[in-house]
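J.: I am attaching a structure below and will ask some questions about it afterwards.
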Amino acid sequence: MKKLLLLAATFSVLSSSAFAGQKMDITVKGMVCSFCSQGITKKFKEEGVKSVDVDLGKHLVSIELQDKQELSTEKITKILTDSGYGVEKIETK
Ligand SMILES: [Cu+2]
């Protein structure tokens with residue numbers, strides 16, 4: 001029983017910090033040049049994220065959210081697919 005309580009406590013700490021400057025790594029298909037990375041950076045800046053980093057070589061867009069900001073994976077997928085890119089994977093850290 002003690003062990004179960006400890007697990008529950010650990011979980012609540014993790015979930016309560018989930019929106020405080022949460023970082024997400026998005027694997028994106030179709031980004032090939034600096035215009036792609038500029039365009040994608042602009043789209044996420046418009047959503048008010050704290051930072052955007054595009055790594056063309058790794059096909060990776062890393063974003064960091066503002067404290068308490070929520071950006072759903074559905075919304076992220078829509079932003080990218082509307083711009084003509086494909087979303088392979090979204091990882092929250
Ligand atoms: Cu491009």
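How things are named: the first chain in the structure tokens is A, the next is B, and so on; residues count from 1 in each chain; ligands count from 1 in the order shown.
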What residues in range 19-60 of chain A get the DSSP label alpha helix (DSSP H)? Please answer as a list of chain:residue names.
T.: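 Selecting the alpha helix (DSSP H) positions of range 19-60 of chain A gives A:Ser34, A:Phe35, A:Cys36, A:Ser37, A:Gln38, A:Gly39, A:Ile40, A:Thr41, A:Lys42, A:Lys43, A:Phe44, A:Lys45, A:Glu46.
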J.: Store the residues of this selection in a file with N, CA and C atoms, as a PDB file, in the first residue's frame.
T.:
ATOM      1  N   SER A  34      15.755  26.129 -45.972  1.00  0.00           N
ATOM      2  CA  SER A  34      15.619  27.139 -44.932  1.00  0.00           C
ATOM      3  C   SER A  34      14.267  27.855 -44.999  1.00  0.00           C
ATOM      4  N   PHE A  35      13.634  27.864 -46.178  1.00  0.00           N
ATOM      5  CA  PHE A  35      12.302  28.475 -46.262  1.00  0.00           C
ATOM      6  C   PHE A  35      11.292  27.655 -45.472  1.00  0.00           C
ATOM      7  N   CYS A  36      11.444  26.336 -45.529  1.00  0.00           N
ATOM      8  CA  CYS A  36      10.578  25.456 -44.732  1.00  0.00           C
ATOM      9  C   CYS A  36      10.739  25.774 -43.252  1.00  0.00           C
ATOM     10  N   SER A  37      11.986  25.824 -42.801  1.00  0.00           N
ATOM     11  CA  SER A  37      12.199  26.033 -41.361  1.00  0.00           C
ATOM     12  C   SER A  37      11.735  27.423 -40.933  1.00  0.00           C
ATOM     13  N   GLN A  38      11.918  28.425 -41.817  1.00  0.00           N
ATOM     14  CA  GLN A  38      11.434  29.769 -41.483  1.00  0.00           C
ATOM     15  C   GLN A  38       9.912  29.802 -41.380  1.00  0.00           C
ATOM     16  N   GLY A  39       9.262  29.147 -42.359  1.00  0.00           N
ATOM     17  CA  GLY A  39       7.804  29.132 -42.382  1.00  0.00           C
ATOM     18  C   GLY A  39       7.227  28.427 -41.166  1.00  0.00           C
ATOM     19  N   ILE A  40       7.824  27.297 -40.822  1.00  0.00           N
ATOM     20  CA  ILE A  40       7.340  26.524 -39.678  1.00  0.00           C
ATOM     21  C   ILE A  40       7.590  27.278 -38.368  1.00  0.00           C
ATOM     22  N   THR A  41       8.758  27.897 -38.282  1.00  0.00           N
ATOM     23  CA  THR A  41       9.073  28.699 -37.092  1.00  0.00           C
ATOM     24  C   THR A  41       8.038  29.801 -36.916  1.00  0.00           C
ATOM     25  N   LYS A  42       7.690  30.458 -38.037  1.00  0.00           N
ATOM     26  CA  LYS A  42       6.712  31.548 -37.996  1.00  0.00           C
ATOM     27  C   LYS A  42       5.352  31.041 -37.512  1.00  0.00           C
ATOM     28  N   LYS A  43       4.918  29.895 -38.037  1.00  0.00           N
ATOM     29  CA  LYS A  43       3.620  29.325 -37.647  1.00  0.00           C
ATOM     30  C   LYS A  43       3.544  29.079 -36.138  1.00  0.00           C
ATOM     31  N   PHE A  44       4.606  28.500 -35.591  1.00  0.00           N
ATOM     32  CA  PHE A  44       4.573  28.198 -34.156  1.00  0.00           C
ATOM     33  C   PHE A  44       4.721  29.452 -33.306  1.00  0.00           C
ATOM     34  N   LYS A  45       5.472  30.438 -33.803  1.00  0.00           N
ATOM     35  CA  LYS A  45       5.586  31.720 -33.081  1.00  0.00           C
ATOM     36  C   LYS A  45       4.216  32.391 -33.004  1.00  0.00           C
ATOM     37  N   GLU A  46       3.436  32.237 -34.086  1.00  0.00           N
ATOM     38  CA  GLU A  46       2.083  32.805 -34.099  1.00  0.00           C
ATOM     39  C   GLU A  46       1.208  32.162 -33.023  1.00  0.00           C
TER      40      GLU A  46
END
J.: Record the distance separating CA of Gly57 in chain A and CA of Gly21 in chain A, expressed in Å with one decimal.
T.: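 Atom-to-atom, CA of Gly57 in chain A to CA of Gly21 in chain A, that is 25.0 Å.
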J.: Which of these residues is nearest to Thr92 in chain A, using only C-alpha atoms: A:Ser72, A:Thr77, A:Gln66, A:Gln22?
T.: A:Gln22
J.: Write out as a list of chain:residue names which residues come within 12 Å of Ile90 in chain A when counting only C-alpha atoms, dropping same-chain ones fewer than 3 positions away.
T.: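 So, after excluding close chain neighbours, the residues are A:Lys23, A:Met24, A:Asp25, A:Ile26, A:Thr27, A:Val28, A:His59, A:Leu60, A:Val61, A:Ser62, A:Ile63, A:Leu71, A:Ser72, A:Thr73, A:Glu74, A:Lys75, A:Ile76, A:Thr77, A:Leu80, A:Gly86, A:Val87, A:Lys93.
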J.: Write the residues of the preceding selection, restricted to C-alpha atoms, as a short mmCIF file (atom, residue, chain, number, x, y, z; two decimals), in the first residue's frame.
T.:
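Below is the file that was written, part-v4.cif:
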data_model
loop_
_atom_site.label_atom_id
_atom_site.label_comp_id
_atom_site.auth_asym_id
_atom_site.auth_seq_id
_atom_site.Cartn_x
_atom_site.Cartn_y
_atom_site.Cartn_z
CA LYS A 23 9.12 20.72 -24.59
CA MET A 24 7.99 18.74 -27.59
CA ASP A 25 9.93 17.12 -30.40
CA ILE A 26 8.02 16.79 -33.63
CA THR A 27 9.34 14.63 -36.46
CA VAL A 28 8.23 16.28 -39.69
CA HIS A 59 13.66 16.34 -39.71
CA LEU A 60 12.95 17.61 -36.23
CA VAL A 61 11.01 20.60 -34.95
CA SER A 62 11.56 21.22 -31.25
CA ILE A 63 9.20 23.59 -29.52
CA LEU A 71 -0.97 23.07 -27.49
CA SER A 72 -2.61 19.79 -28.40
CA THR A 73 -0.99 17.26 -30.69
CA GLU A 74 -4.08 17.62 -32.93
CA LYS A 75 -3.44 21.36 -33.26
CA ILE A 76 0.26 20.81 -33.95
CA THR A 77 -0.58 18.23 -36.60
CA LEU A 80 1.95 21.31 -40.12
CA GLY A 86 3.62 15.43 -42.79
CA VAL A 87 3.82 14.63 -39.09
CA LYS A 93 9.53 15.59 -22.90
#
J.: Ranking A:Glu47, A:Tyr85, A:Lys78, A:Glu70 by minimum distance to ligand 1 and counting only C-alpha atoms and all ligand atoms, which one comes first?
T.: A:Tyr85
J.: Figure out the distance between CA of Val54 in chain A and CA of Val32 in chain A, please, to one decimal in Å.
T.: 10.9 Å
J.: Hey, which of A:Glu88, A:Gln69, A:Ser83, A:Glu64 ends up closest to ligand 1? Count only C-alpha atoms and all ligand atoms.
T.: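 Residue with the minimum atom-to-atom distance to ligand 1: A:Ser83.
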